[in-house]
Structure formats: C-alpha cells, structure tokens
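**Student:** Sharing query19.cif (mmCIF, C-alpha atoms and all ligand atoms) below.
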data_final
#
loop_
_atom_site.group_PDB
_atom_site.id
_atom_site.type_symbol
_atom_site.label_atom_id
_atom_site.label_comp_id
_atom_site.auth_asym_id
_atom_site.auth_seq_id
_atom_site.Cartn_x
_atom_site.Cartn_y
_atom_site.Cartn_z
ATOM 1 C CA MET J 1 -17.275 6.436 10.808
ATOM 2 C CA SER J 2 -15.524 3.087 10.651
ATOM 3 C CA THR J 3 -12.093 2.845 12.258
ATOM 4 C CA VAL J 4 -9.973 -0.271 12.424
ATOM 5 C CA LEU J 5 -6.619 0.404 14.049
ATOM 6 C CA TYR J 6 -4.085 -2.382 14.453
ATOM 7 C CA PRO J 7 -3.457 -2.804 18.181
ATOM 8 C CA ASP J 8 0.157 -3.999 18.070
ATOM 9 C CA ILE J 9 3.523 -3.897 16.270
ATOM 10 C CA ILE J 10 2.900 -7.341 14.785
ATOM 11 C CA PHE J 11 -0.589 -8.383 13.698
ATOM 12 C CA GLY J 12 -2.135 -11.427 12.076
ATOM 13 C CA PRO J 13 -1.339 -13.578 10.280
ATOM 14 C CA VAL J 14 -4.260 -12.841 7.992
ATOM 15 C CA HIS J 15 -5.223 -14.295 4.627
ATOM 16 C CA SER J 16 -4.696 -11.374 2.262
ATOM 17 C CA ARG J 17 -6.557 -11.230 -1.065
ATOM 18 C CA ARG J 18 -3.438 -9.920 -2.679
ATOM 19 C CA LEU J 19 -0.528 -11.505 -0.804
ATOM 20 C CA GLY J 20 -1.480 -14.870 0.728
ATOM 21 C CA LEU J 21 -0.882 -15.710 4.427
ATOM 22 C CA SER J 22 0.472 -12.414 5.603
ATOM 23 C CA LEU J 23 2.005 -11.448 8.942
ATOM 24 C CA GLY J 24 1.579 -7.696 9.366
ATOM 25 C CA ILE J 25 4.164 -5.242 10.647
ATOM 26 C CA ASN J 26 2.793 -1.969 12.005
ATOM 27 C CA LEU J 27 5.488 0.688 12.509
ATOM 28 C CA LEU J 28 2.905 3.360 13.283
ATOM 29 C CA PRO J 29 1.209 4.432 16.526
ATOM 30 C CA ILE J 30 -1.399 2.029 17.826
ATOM 31 C CA GLN J 31 -3.800 4.772 18.986
ATOM 32 C CA ARG J 32 -4.211 6.629 15.694
ATOM 33 C CA LYS J 33 -3.383 6.772 12.022
ATOM 34 C CA PHE J 34 -0.154 8.500 10.989
ATOM 35 C CA CYS J 35 -0.015 9.090 7.263
ATOM 36 C CA THR J 36 0.809 11.720 4.645
ATOM 37 C CA PHE J 37 -2.485 10.898 2.909
ATOM 38 C CA ASP J 38 -5.978 10.855 4.393
ATOM 39 C CA CYS J 39 -7.741 8.638 1.852
ATOM 40 C CA VAL J 40 -11.534 8.689 1.824
ATOM 41 C CA TYR J 41 -11.447 4.876 1.810
ATOM 42 C CA CYS J 42 -8.835 4.404 4.571
ATOM 43 C CA GLU J 43 -9.861 1.565 6.843
ATOM 44 C CA CYS J 44 -7.970 3.240 9.720
ATOM 45 C CA GLY J 45 -10.495 6.091 9.484
ATOM 46 C CA LEU J 46 -9.962 9.766 8.714
ATOM 47 C CA GLY J 47 -7.522 11.774 10.784
ATOM 48 C CA ASP J 48 -4.896 14.459 10.935
ATOM 49 C CA MET J 49 -1.110 14.398 11.288
ATOM 50 C CA GLU J 50 -1.031 16.215 14.623
ATOM 51 C CA GLY J 51 -0.298 14.915 18.115
ATOM 52 C CA VAL J 52 2.345 12.812 19.815
ATOM 53 C CA LYS J 53 3.450 9.767 17.899
ATOM 54 C CA LYS J 54 5.000 7.009 19.924
ATOM 55 C CA LEU J 55 6.605 4.701 17.442
ATOM 56 C CA PRO J 56 8.205 1.308 18.134
ATOM 57 C CA THR J 57 12.004 1.189 17.962
ATOM 58 C CA ALA J 58 13.931 -1.110 15.630
ATOM 59 C CA ASP J 59 14.902 -3.221 18.684
ATOM 60 C CA GLN J 60 11.277 -3.564 19.816
ATOM 61 C CA LEU J 61 10.201 -4.501 16.320
ATOM 62 C CA GLU J 62 12.916 -7.121 15.935
ATOM 63 C CA THR J 63 12.058 -8.726 19.284
ATOM 64 C CA ALA J 64 8.315 -8.751 18.562
ATOM 65 C CA LEU J 65 8.778 -10.181 15.078
ATOM 66 C CA ARG J 66 11.166 -12.897 16.231
ATOM 67 C CA THR J 67 8.833 -13.916 19.059
ATOM 68 C CA ARG J 68 5.829 -14.169 16.728
ATOM 69 C CA LEU J 69 7.672 -16.045 13.999
ATOM 70 C CA GLU J 70 9.104 -18.528 16.496
ATOM 71 C CA LYS J 71 5.574 -19.127 17.777
ATOM 72 C CA MET J 72 4.304 -19.649 14.235
ATOM 73 C CA ARG J 73 7.094 -22.094 13.544
ATOM 74 C CA ALA J 74 6.279 -24.036 16.718
ATOM 75 C CA GLU J 75 2.632 -24.208 15.574
ATOM 76 C CA GLY J 76 3.557 -25.387 12.076
ATOM 77 C CA GLN J 77 2.401 -22.171 10.382
ATOM 78 C CA CYS J 78 4.412 -20.690 7.538
ATOM 79 C CA PRO J 79 3.766 -17.103 6.375
ATOM 80 C CA ASP J 80 3.876 -16.389 2.651
ATOM 81 C CA VAL J 81 4.759 -12.813 3.315
ATOM 82 C CA LEU J 82 5.784 -10.327 6.014
ATOM 83 C CA THR J 83 3.912 -7.130 5.180
ATOM 84 C CA PHE J 84 4.675 -3.602 6.301
ATOM 85 C CA ALA J 85 1.219 -2.018 6.512
ATOM 86 C CA GLY J 86 -0.704 -0.995 9.639
ATOM 87 C CA ASN J 87 -1.930 2.344 10.891
ATOM 88 C CA GLY J 88 -0.553 4.639 8.216
ATOM 89 C CA GLU J 89 2.507 5.093 6.043
ATOM 90 C CA PRO J 90 5.402 2.814 7.107
ATOM 91 C CA THR J 91 8.136 4.804 5.355
ATOM 92 C CA LEU J 92 7.470 7.733 7.719
ATOM 93 C CA HIS J 93 9.171 5.787 10.519
ATOM 94 C CA PRO J 94 12.565 7.469 11.102
ATOM 95 C CA GLU J 95 14.299 4.060 11.356
ATOM 96 C CA PHE J 96 12.577 2.557 8.309
ATOM 97 C CA PRO J 97 15.803 1.623 6.422
ATOM 98 C CA GLU J 98 17.298 -0.007 9.557
ATOM 99 C CA ILE J 99 14.027 -1.835 10.248
ATOM 100 C CA VAL J 100 13.957 -3.272 6.725
ATOM 101 C CA GLU J 101 17.408 -4.743 7.378
ATOM 102 C CA ARG J 102 16.274 -6.216 10.729
ATOM 103 C CA VAL J 103 13.214 -7.803 9.121
ATOM 104 C CA ARG J 104 15.370 -9.289 6.373
ATOM 105 C CA LYS J 105 17.720 -10.753 9.008
ATOM 106 C CA VAL J 106 14.919 -12.355 11.059
ATOM 107 C CA ARG J 107 13.153 -13.602 7.910
ATOM 108 C CA ASP J 108 16.378 -15.182 6.607
ATOM 109 C CA GLU J 109 16.899 -16.978 9.937
ATOM 110 C CA LEU J 110 13.363 -18.260 10.516
ATOM 111 C CA PHE J 111 11.356 -18.335 7.241
ATOM 112 C CA PRO J 112 13.759 -17.738 4.351
ATOM 113 C CA THR J 113 11.067 -18.453 1.748
ATOM 114 C CA ALA J 114 8.725 -15.738 3.036
ATOM 115 C CA LYS J 115 8.608 -12.578 0.943
ATOM 116 C CA ILE J 116 8.822 -9.108 2.428
ATOM 117 C CA SER J 117 6.228 -6.629 1.154
ATOM 118 C CA VAL J 118 5.796 -2.934 1.808
ATOM 119 C CA LEU J 119 2.443 -1.278 1.131
ATOM 120 C CA SER J 120 3.279 2.400 0.743
ATOM 121 C CA ASN J 121 1.559 5.524 -0.538
ATOM 122 C CA ALA J 122 4.813 6.495 -2.304
ATOM 123 C CA THR J 123 4.963 10.009 -0.846
ATOM 124 C CA GLN J 124 8.451 9.422 0.629
ATOM 125 C CA ILE J 125 10.110 7.712 -2.343
ATOM 126 C CA GLY J 126 11.898 10.900 -3.423
ATOM 127 C CA ARG J 127 14.150 10.469 -0.350
ATOM 128 C CA PRO J 128 17.220 8.429 -1.404
ATOM 129 C CA GLU J 129 17.359 6.418 1.839
ATOM 130 C CA ILE J 130 13.716 5.381 1.458
ATOM 131 C CA ARG J 131 14.175 4.458 -2.200
ATOM 132 C CA GLN J 132 17.212 2.330 -1.286
ATOM 133 C CA ALA J 133 15.324 0.611 1.535
ATOM 134 C CA LEU J 134 12.375 -0.200 -0.751
ATOM 135 C CA LEU J 135 14.768 -1.753 -3.234
ATOM 136 C CA ARG J 136 15.765 -4.218 -0.469
ATOM 137 C CA VAL J 137 12.279 -5.769 -0.156
ATOM 138 C CA ASP J 138 10.694 -8.389 -2.429
ATOM 139 C CA ASN J 139 7.427 -6.569 -3.115
ATOM 140 C CA ASN J 140 7.717 -2.808 -3.284
ATOM 141 C CA ILE J 141 4.016 -1.955 -3.615
ATOM 142 C CA LEU J 142 3.308 1.720 -4.313
ATOM 143 C CA LYS J 143 0.016 3.533 -4.612
ATOM 144 C CA LEU J 144 -1.136 5.362 -7.743
ATOM 145 C CA ASP J 145 -4.909 5.842 -7.722
ATOM 146 C CA SER J 146 -5.212 8.191 -10.700
ATOM 147 C CA ALA J 147 -3.251 9.943 -13.427
ATOM 148 C CA PHE J 148 -5.097 13.144 -12.529
ATOM 149 C CA GLU J 149 -4.041 15.335 -9.669
ATOM 150 C CA GLU J 150 -7.560 16.524 -8.944
ATOM 151 C CA THR J 151 -8.780 12.945 -8.552
ATOM 152 C CA MET J 152 -5.862 12.021 -6.291
ATOM 153 C CA ARG J 153 -6.530 15.110 -4.197
ATOM 154 C CA GLN J 154 -10.156 13.994 -3.806
ATOM 155 C CA MET J 155 -9.451 10.318 -3.161
ATOM 156 C CA ASN J 156 -6.139 10.449 -1.279
ATOM 157 C CA ARG J 157 -6.301 13.938 0.279
ATOM 158 C CA PRO J 158 -2.518 14.547 0.638
ATOM 159 C CA TRP J 159 -1.532 16.710 3.595
ATOM 160 C CA ARG J 160 1.194 18.573 1.714
ATOM 161 C CA LYS J 161 -0.148 21.289 -0.586
ATOM 162 C CA GLU J 162 2.916 20.776 -2.813
ATOM 163 C CA PHE J 163 1.866 17.195 -3.650
ATOM 164 C CA SER J 164 2.208 16.664 -7.390
ATOM 165 C CA VAL J 165 1.345 13.667 -9.541
ATOM 166 C CA ALA J 166 4.116 14.666 -11.975
ATOM 167 C CA THR J 167 6.762 14.413 -9.228
ATOM 168 C CA LEU J 168 5.239 11.184 -7.954
ATOM 169 C CA VAL J 169 5.435 9.663 -11.437
ATOM 170 C CA GLU J 170 9.066 10.729 -11.922
ATOM 171 C CA ASN J 171 9.922 9.108 -8.593
ATOM 172 C CA LEU J 172 8.064 5.920 -9.547
ATOM 173 C CA LYS J 173 9.964 5.759 -12.837
ATOM 174 C CA ALA J 174 13.252 6.024 -10.923
ATOM 175 C CA PHE J 175 12.685 2.457 -9.632
ATOM 176 C CA GLN J 176 13.275 1.267 -13.208
ATOM 177 C CA GLY J 177 10.620 -1.403 -13.001
ATOM 178 C CA ARG J 178 11.430 -2.690 -9.499
ATOM 179 C CA LEU J 179 7.997 -1.850 -8.135
ATOM 180 C CA ILE J 180 4.385 -2.953 -8.116
ATOM 181 C CA ILE J 181 1.673 -0.327 -8.619
ATOM 182 C CA GLN J 182 -1.449 -0.662 -6.478
ATOM 183 C CA THR J 183 -4.610 1.129 -7.537
ATOM 184 C CA MET J 184 -7.919 1.427 -5.712
ATOM 185 C CA PHE J 185 -10.807 1.885 -8.160
ATOM 186 C CA LEU J 186 -13.701 3.729 -6.653
ATOM 187 C CA ARG J 187 -16.453 6.217 -7.267
ATOM 188 C CA GLY J 188 -18.375 8.353 -4.847
ATOM 189 C CA THR J 189 -18.785 11.765 -3.343
ATOM 190 C CA TYR J 190 -16.937 13.435 -0.542
ATOM 191 C CA GLN J 191 -17.928 16.844 0.848
ATOM 192 C CA GLY J 192 -20.387 17.199 -2.031
ATOM 193 C CA ARG J 193 -17.836 16.584 -4.809
ATOM 194 C CA LEU J 194 -18.079 13.628 -7.148
ATOM 195 C CA PHE J 195 -15.089 11.502 -8.154
ATOM 196 C CA ASP J 196 -14.831 8.360 -10.278
ATOM 197 C CA ASN J 197 -11.506 6.888 -11.402
ATOM 198 C CA THR J 198 -13.234 4.281 -13.602
ATOM 199 C CA THR J 199 -14.379 6.676 -16.380
ATOM 200 C CA GLU J 200 -12.937 6.191 -19.868
ATOM 201 C CA GLN J 201 -10.806 9.309 -19.483
ATOM 202 C CA GLU J 202 -9.427 8.127 -16.138
ATOM 203 C CA VAL J 203 -8.737 4.532 -17.161
ATOM 204 C CA SER J 204 -7.027 5.390 -20.444
ATOM 205 C CA ALA J 205 -4.813 8.032 -18.782
ATOM 206 C CA TRP J 206 -3.970 5.600 -15.963
ATOM 207 C CA ILE J 207 -3.025 2.880 -18.479
ATOM 208 C CA ARG J 208 -0.762 5.329 -20.333
ATOM 209 C CA LEU J 209 0.930 6.318 -17.088
ATOM 210 C CA VAL J 210 1.390 2.755 -15.845
ATOM 211 C CA THR J 211 2.912 1.870 -19.222
ATOM 212 C CA GLU J 212 5.369 4.762 -18.856
ATOM 213 C CA ILE J 213 6.297 3.804 -15.291
ATOM 214 C CA ALA J 214 6.773 0.169 -16.419
ATOM 215 C CA PRO J 215 6.359 -1.671 -13.084
ATOM 216 C CA HIS J 216 6.752 -5.453 -13.020
ATOM 217 C CA GLY J 217 3.302 -5.843 -11.442
ATOM 218 C CA VAL J 218 0.011 -4.031 -10.913
ATOM 219 C CA MET J 219 -2.598 -4.738 -8.246
ATOM 220 C CA ILE J 220 -6.145 -3.568 -8.893
ATOM 221 C CA TYR J 221 -8.817 -3.651 -6.229
ATOM 222 C CA SER J 222 -11.867 -1.879 -4.850
ATOM 223 C CA LEU J 223 -13.428 -1.499 -1.417
ATOM 224 C CA ASP J 224 -13.273 -4.600 0.729
ATOM 225 C CA ARG J 225 -14.146 -3.465 4.231
ATOM 226 C CA GLU J 226 -16.322 -0.664 5.499
ATOM 227 C CA ALA J 227 -14.913 2.777 4.655
ATOM 228 C CA PRO J 228 -14.981 5.875 6.893
ATOM 229 C CA VAL J 229 -17.023 7.741 4.263
ATOM 230 C CA SER J 230 -20.456 6.262 3.588
ATOM 231 C CA THR J 231 -20.936 7.837 0.124
ATOM 232 C CA LEU J 232 -18.466 5.563 -1.672
ATOM 233 C CA GLU J 233 -19.387 2.921 -4.195
ATOM 234 C CA LYS J 234 -17.551 -0.354 -4.590
ATOM 235 C CA ILE J 235 -16.592 -1.115 -8.205
ATOM 236 C CA PRO J 236 -18.010 -4.424 -9.521
ATOM 237 C CA ALA J 237 -15.586 -7.305 -10.097
ATOM 238 C CA ALA J 238 -16.406 -7.389 -13.840
ATOM 239 C CA THR J 239 -15.324 -3.748 -14.240
ATOM 240 C CA LEU J 240 -12.074 -4.392 -12.381
ATOM 241 C CA ARG J 241 -11.375 -7.393 -14.625
ATOM 242 C CA GLN J 242 -12.049 -5.321 -17.765
ATOM 243 C CA ILE J 243 -9.595 -2.667 -16.585
ATOM 244 C CA GLY J 244 -7.045 -5.404 -15.838
ATOM 245 C CA ASP J 245 -7.553 -6.937 -19.313
ATOM 246 C CA ARG J 246 -7.132 -3.554 -21.003
ATOM 247 C CA LEU J 247 -3.914 -2.907 -19.108
ATOM 248 C CA GLN J 248 -2.628 -6.384 -19.896
ATOM 249 C CA ALA J 249 -3.390 -5.897 -23.606
ATOM 250 C CA ALA J 250 -1.678 -2.493 -23.636
ATOM 251 C CA THR J 251 1.480 -3.833 -22.008
ATOM 252 C CA ARG J 252 1.585 -7.369 -23.401
ATOM 253 C CA ALA J 253 5.165 -7.053 -24.670
ATOM 254 C CA ALA J 254 6.400 -5.907 -21.256
ATOM 255 C CA GLY J 255 5.400 -9.159 -19.446
ATOM 256 C CA LEU J 256 3.526 -7.233 -16.763
ATOM 257 C CA GLU J 257 1.796 -9.255 -14.035
ATOM 258 C CA VAL J 258 -1.687 -7.833 -13.400
ATOM 259 C CA LYS J 259 -3.559 -9.029 -10.307
ATOM 260 C CA VAL J 260 -7.214 -8.168 -9.900
ATOM 261 C CA SER J 261 -8.366 -8.641 -6.304
ATOM 262 C CA VAL J 262 -12.056 -9.217 -5.876
ATOM 263 C CA ALA J 263 -13.568 -9.123 -2.415
ATOM 264 C CA GLY J 264 -15.294 -12.325 -1.367
HETATM 265 S S1 LIG J 301 -2.291 5.833 2.227
HETATM 266 FE FE1 LIG J 301 -3.113 4.024 3.230
HETATM 267 S S2 LIG J 301 -2.894 4.432 5.443
HETATM 268 FE FE2 LIG J 301 -2.637 6.383 4.361
HETATM 269 S S3 LIG J 301 -4.668 7.293 4.402
HETATM 270 FE FE3 LIG J 301 -4.460 6.188 2.466
HETATM 271 S S4 LIG J 301 -5.300 4.149 2.866
HETATM 272 FE FE4 LIG J 301 -4.910 5.117 4.856
#
Could you express the structure from this file as structure tokens?
Ligand code: SF4
**Tutor:**
Amino acid sequence: MSTVLYPDIIFGPVHSRRLGLSLGINLLPIQRKFCTFDCVYCECGLGDMEGVKKLPTADQLETALRTRLEKMRAEGQCPDVLTFAGNGEPTLHPEFPEIVERVRKVRDELFPTAKISVLSNATQIGRPEIRQALLRVDNNILKLDSAFEETMRQMNRPWRKEFSVATLVENLKAFQGRLIIQTMFLRGTYQGRLFDNTTEQEVSAWIRLVTEIAPHGVMIYSLDREAPVSTLEKIPAATLRQIGDRLQAATRAAGLEVKVSVAG
C-alpha cells in the first residue's frame, strides 16, 4: 500500500496541476491521516479515525507559515497559492476558522497576490462556522465524486453511516455559487465490488447535479500518483476532456470555468 504523509505543518512549494506554485498547509497530524472519508484513491493511504491526534495550534501555524514565506521572499520565489491540504480533512481542525484568518493576515503582509485555497471533502460544510470560514478563502474547493450515494460510499468510504449525498448537495447549494467542485473520475474494484463514475448514467447525473449546485468552477482529474488500492484504473485524458466539454456545453450560459487536469 502506498502512503505519502506530509511531514510538517508547511510543505512545498510544489507545482500543482490544478493550482500553480502552491505552498501547502497541513493542519492534520504528521504521523497519520485524519479524515472523515477514507477514499480508495487517497495518497495518504487507507486508515481509521482512531488514536491520538496531535494537531498544530493556530500560533504554531502562523509562525511556521511566516518563516517559510519570508524565506521564499528572500529567495525570490512567489507562491501562486497557499493551499490547505495535507494529511486529511483540514476543516476538522478545531481552530480552522481562526487559522483561516491568520493565513489571510500573513498572506496580506507578505504575498498579497497569492490566493488561498482549501481542498476539502465537504463533510463539515453544514457547520455554520466552517461555511463562514470557507467563504473567507479565494478558492473554496469541495469534493463531489458522484451523484450516487452508492458510488460515493464505494469511492470515498465515509466514516459516518448517516452520510447522505442529498444533504451534501443541499449544503453545497447553500454557498450560492461561491465554490469550486472537484471530482475524481475513476473506475476499479475494491473488496470485490466494481465502481465506475465515468458511465453514461454517472456522468449525466453528475452534470445535472453540478448544474443545480451552480459553482463558479469545476476541477476534473483522475489518478496522478500511486494509490493505496492497486485495482484502480486511471481515466484517459481524452475521456476527462469529453466530460469537461459536456459539462461546459450544459452550463454555457452560467459562465462556468471547467479545468481538466491531466497528469504528465
Ligand atoms: S477526502 Fe482527501 S484526505 Fe480524505 S480520504 Fe479522501 S483523498 Fe484522502
């Protein structure tokens, strides 16, 4: 099983397919993944939610971010984006709203043109304080891998039995367009069960749902790095582009920005 855990609060910068030169912010433990999903494709590996979680404080994060950005400035590097990602779901951090404000403050002081992005699985967006915090970042990037609950249960493996796509979609709509949907297209088997979110039925239902949610952007991608499950199949670039074109055609009037990320 492949496992790539980020070893620090701040990581990178890395050239992201989707975001440009990105400095990563990891609010999660450095020893293990901490997430409300356990996606079959998670590059942090598969894992549970148990055990002690030592999380960085807002003060530690601010100090680490300032130190790294000052170093980048001294070296003539300029990040395009500061990205909350790392070893799990960033909105699970109990100080997430405060940390967003700290990151905004440091960004405004040192690299005011850099965007702030959050890559989130959207499981916490029903909490008002999390929704408000996500509205304070430039790129509020939320996961929706399928319109079908069964497929999401297979691909994303939510820990909470009560997980519901219907609730997720209502919460996504509540952003009133101030969000970007990210979707991983993938087929494969896990524990003997087949899934494929690129079938006609899947893609047309996903397009209908995205149209209803009305985000200002959509990011489409497939596997890039090695996944913890070996029975997964990367979707070809041409298929991803076709899905992107269909979505663009279906939402032309809405001015939606569709980005198709193809691994190099
Ligand atoms: S939501 Fe992201 S961090 Fe969580 S299991 Fe899925 S891929 Fe991994």
**Student:** For the structure shown, which residues end up in the PyMOL selection byres (((chain J and resi 34) around 9) and not hetatm)? Put them as a short mmCIF file (atom, residue, chain, number, x, y, z; two decimals) with C-alpha atoms, in the coordinates of the input, please?
**Tutor:**
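Listing of expr28.cif after writing:
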data_model
loop_
_atom_site.label_atom_id
_atom_site.label_comp_id
_atom_site.auth_asym_id
_atom_site.auth_seq_id
_atom_site.Cartn_x
_atom_site.Cartn_y
_atom_site.Cartn_z
CA LEU J 28 2.90 3.36 13.28
CA PRO J 29 1.21 4.43 16.53
CA ARG J 32 -4.21 6.63 15.69
CA LYS J 33 -3.38 6.77 12.02
CA CYS J 35 -0.02 9.09 7.26
CA THR J 36 0.81 11.72 4.64
CA PHE J 37 -2.48 10.90 2.91
CA GLY J 47 -7.52 11.77 10.78
CA ASP J 48 -4.90 14.46 10.94
CA MET J 49 -1.11 14.40 11.29
CA GLU J 50 -1.03 16.22 14.62
CA LYS J 53 3.45 9.77 17.90
CA ASN J 87 -1.93 2.34 10.89
CA GLY J 88 -0.55 4.64 8.22
CA GLU J 89 2.51 5.09 6.04
CA PRO J 90 5.40 2.81 7.11
CA LEU J 92 7.47 7.73 7.72
#
**Student:** Applied to this file, what does the PyMOL selection byres (((chain J and resi 61-73) around 10) and not hetatm) return in terms of residues, put as number ranges by chain?
**Tutor:** J: 8-13, 23-27, 55-60, 74-79, 82, 99, 101-103, 105-107, 109-111
**Student:** With distances taken over only C-alpha atoms, which residue among J:Arg136, J:Lys143, J:Arg17, J:Arg157 lies nearest J:Asn121?
**Tutor:**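 So, comparing all the options, the nearest one is J:Lys143.
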**Student:** Which neighbours of J:Pro97 fall inside 7 Å, counting all atoms listed in the file, when residues of the same chain fewer than 2 positions from it are skipped, and could you give them as a list in words?
**Tutor:**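 Contacts, in chain order: Glu95, Ile99, Val100, Glu101, Glu129, Ile130 and Ala133 of chain J.
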**Student:** For the residues selected in the previous step, produce a file with C-alpha atoms as a PDB file, in the frame of the given file.
**Tutor:**
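Saved file out-v1.pdb follows:
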ATOM      1  CA  GLU J  95      14.299   4.060  11.356  1.00  0.00           C
ATOM      2  CA  ILE J  99      14.027  -1.835  10.248  1.00  0.00           C
ATOM      3  CA  VAL J 100      13.957  -3.272   6.725  1.00  0.00           C
ATOM      4  CA  GLU J 101      17.408  -4.743   7.378  1.00  0.00           C
ATOM      5  CA  GLU J 129      17.359   6.418   1.839  1.00  0.00           C
ATOM      6  CA  ILE J 130      13.716   5.381   1.458  1.00  0.00           C
ATOM      7  CA  ALA J 133      15.324   0.611   1.535  1.00  0.00           C
TER       8      ALA J 133
END
**Student:** For this structure, which residues satisfy the selection - the PyMOL selection byres (((chain J and resi 178) around 8) and not hetatm) - when it is evaluated on the file as given? I want them as a PyMOL selection string.
**Tutor:** chain J and resi 135+140+175-177+179-180+215-216
**Student:** Go through J:Thr83, J:Val229, J:Ser16, J:Gly192 one by one, measure the shortest atom-to-atom distance of each to J:Glu43 using all atoms listed in the file, and give the residue with the smallest value.
**Tutor:**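 Using all atoms listed in the file, J:Glu43 sits closest to J:Val229.
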**Student:** Which residue is closest to J:Ile220? Choose from J:Trp159, J:Phe185, J:Tyr190, J:Tyr6 and count all atoms listed in the file.
**Tutor:**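 Result for the nearest residue to J:Ile220: J:Phe185.
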**Student:** Quote the spacing between atom CA of J:Asp138 and atom CA of J:Pro7 in Å to one decimal place.
**Tutor:**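 Computed distance, atom CA of J:Asp138 to atom CA of J:Pro7, equals 25.6 Å.
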**Student:** Could you tell me how far atom CA of J:Ser120 sits from atom CA of J:Ser22, in Å to one decimal place?
**Tutor:**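 So the answer is 15.8 Å.
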**Student:** List the spatial neighbours of stretch 238-255 of chain J as an MDAnalysis selection string - criterion: any atom at most 9 Å away, all atoms listed in the file, same-chain residues fewer than 5 positions off excluded.
**Tutor:** chainID J and resid 185 198 203:204 207:208 210:211 214 216:222 260:262
**Student:** Work out how far apart atom CA of J:Glu226 and atom CA of J:Val165 are and give it in Å to one decimal.
**Tutor:**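 Interatomic distance, atom CA of J:Glu226 to atom CA of J:Val165: 27.3 Å.
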**Student:** For J:Phe195, which of J:Ser164, J:Thr183, J:Asn171, J:Thr231 is the closest residue, counting all atoms listed in the file?
**Tutor:** J:Thr231
**Student:** Quick one: of J:Leu172, J:Cys39, J:Leu5, J:Ile125, who's nearest to J:Ala85, counting all atoms listed in the file?
**Tutor:** J:Leu5
**Student:** Centre and edge lengths, as JSON, for the axis-aligned box enclosing every listed atom of ligand LIG 301 (chain J) with 3 Å of padding on each of the six sides, in Å to one decimal?
**Tutor:**
{"center_x": -3.8, "center_y": 5.7, "center_z": 3.8, "size_x": 9.0, "size_y": 9.3, "size_z": 9.2}
**Student:** Which residue is closest to J:Val258? Choose from J:Arg187, J:Glu202, J:Ile181, J:Lys234 and count all atoms listed in the file.
**Tutor:**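 The shortest atom-to-atom distance to J:Val258 comes from J:Ile181.
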**Student:** Scan for residues within 6 Å of the point (-13.2, 3.4, -7.6) in the coordinates of the file, using all atoms listed in the file, and reply as a VMD selection string.
**Tutor:** chain J and resid 184 to 187 196 to 197 235
**Student:** Taking 4 positions as the minimum chain separation for residues in the same chain, which residues sit within 12 Å of J:Thr167 when counting only C-alpha atoms? Answer as a VMD selection string.
**Tutor:** chain J and resid 122 to 126 147 149 162 to 163 171 to 174
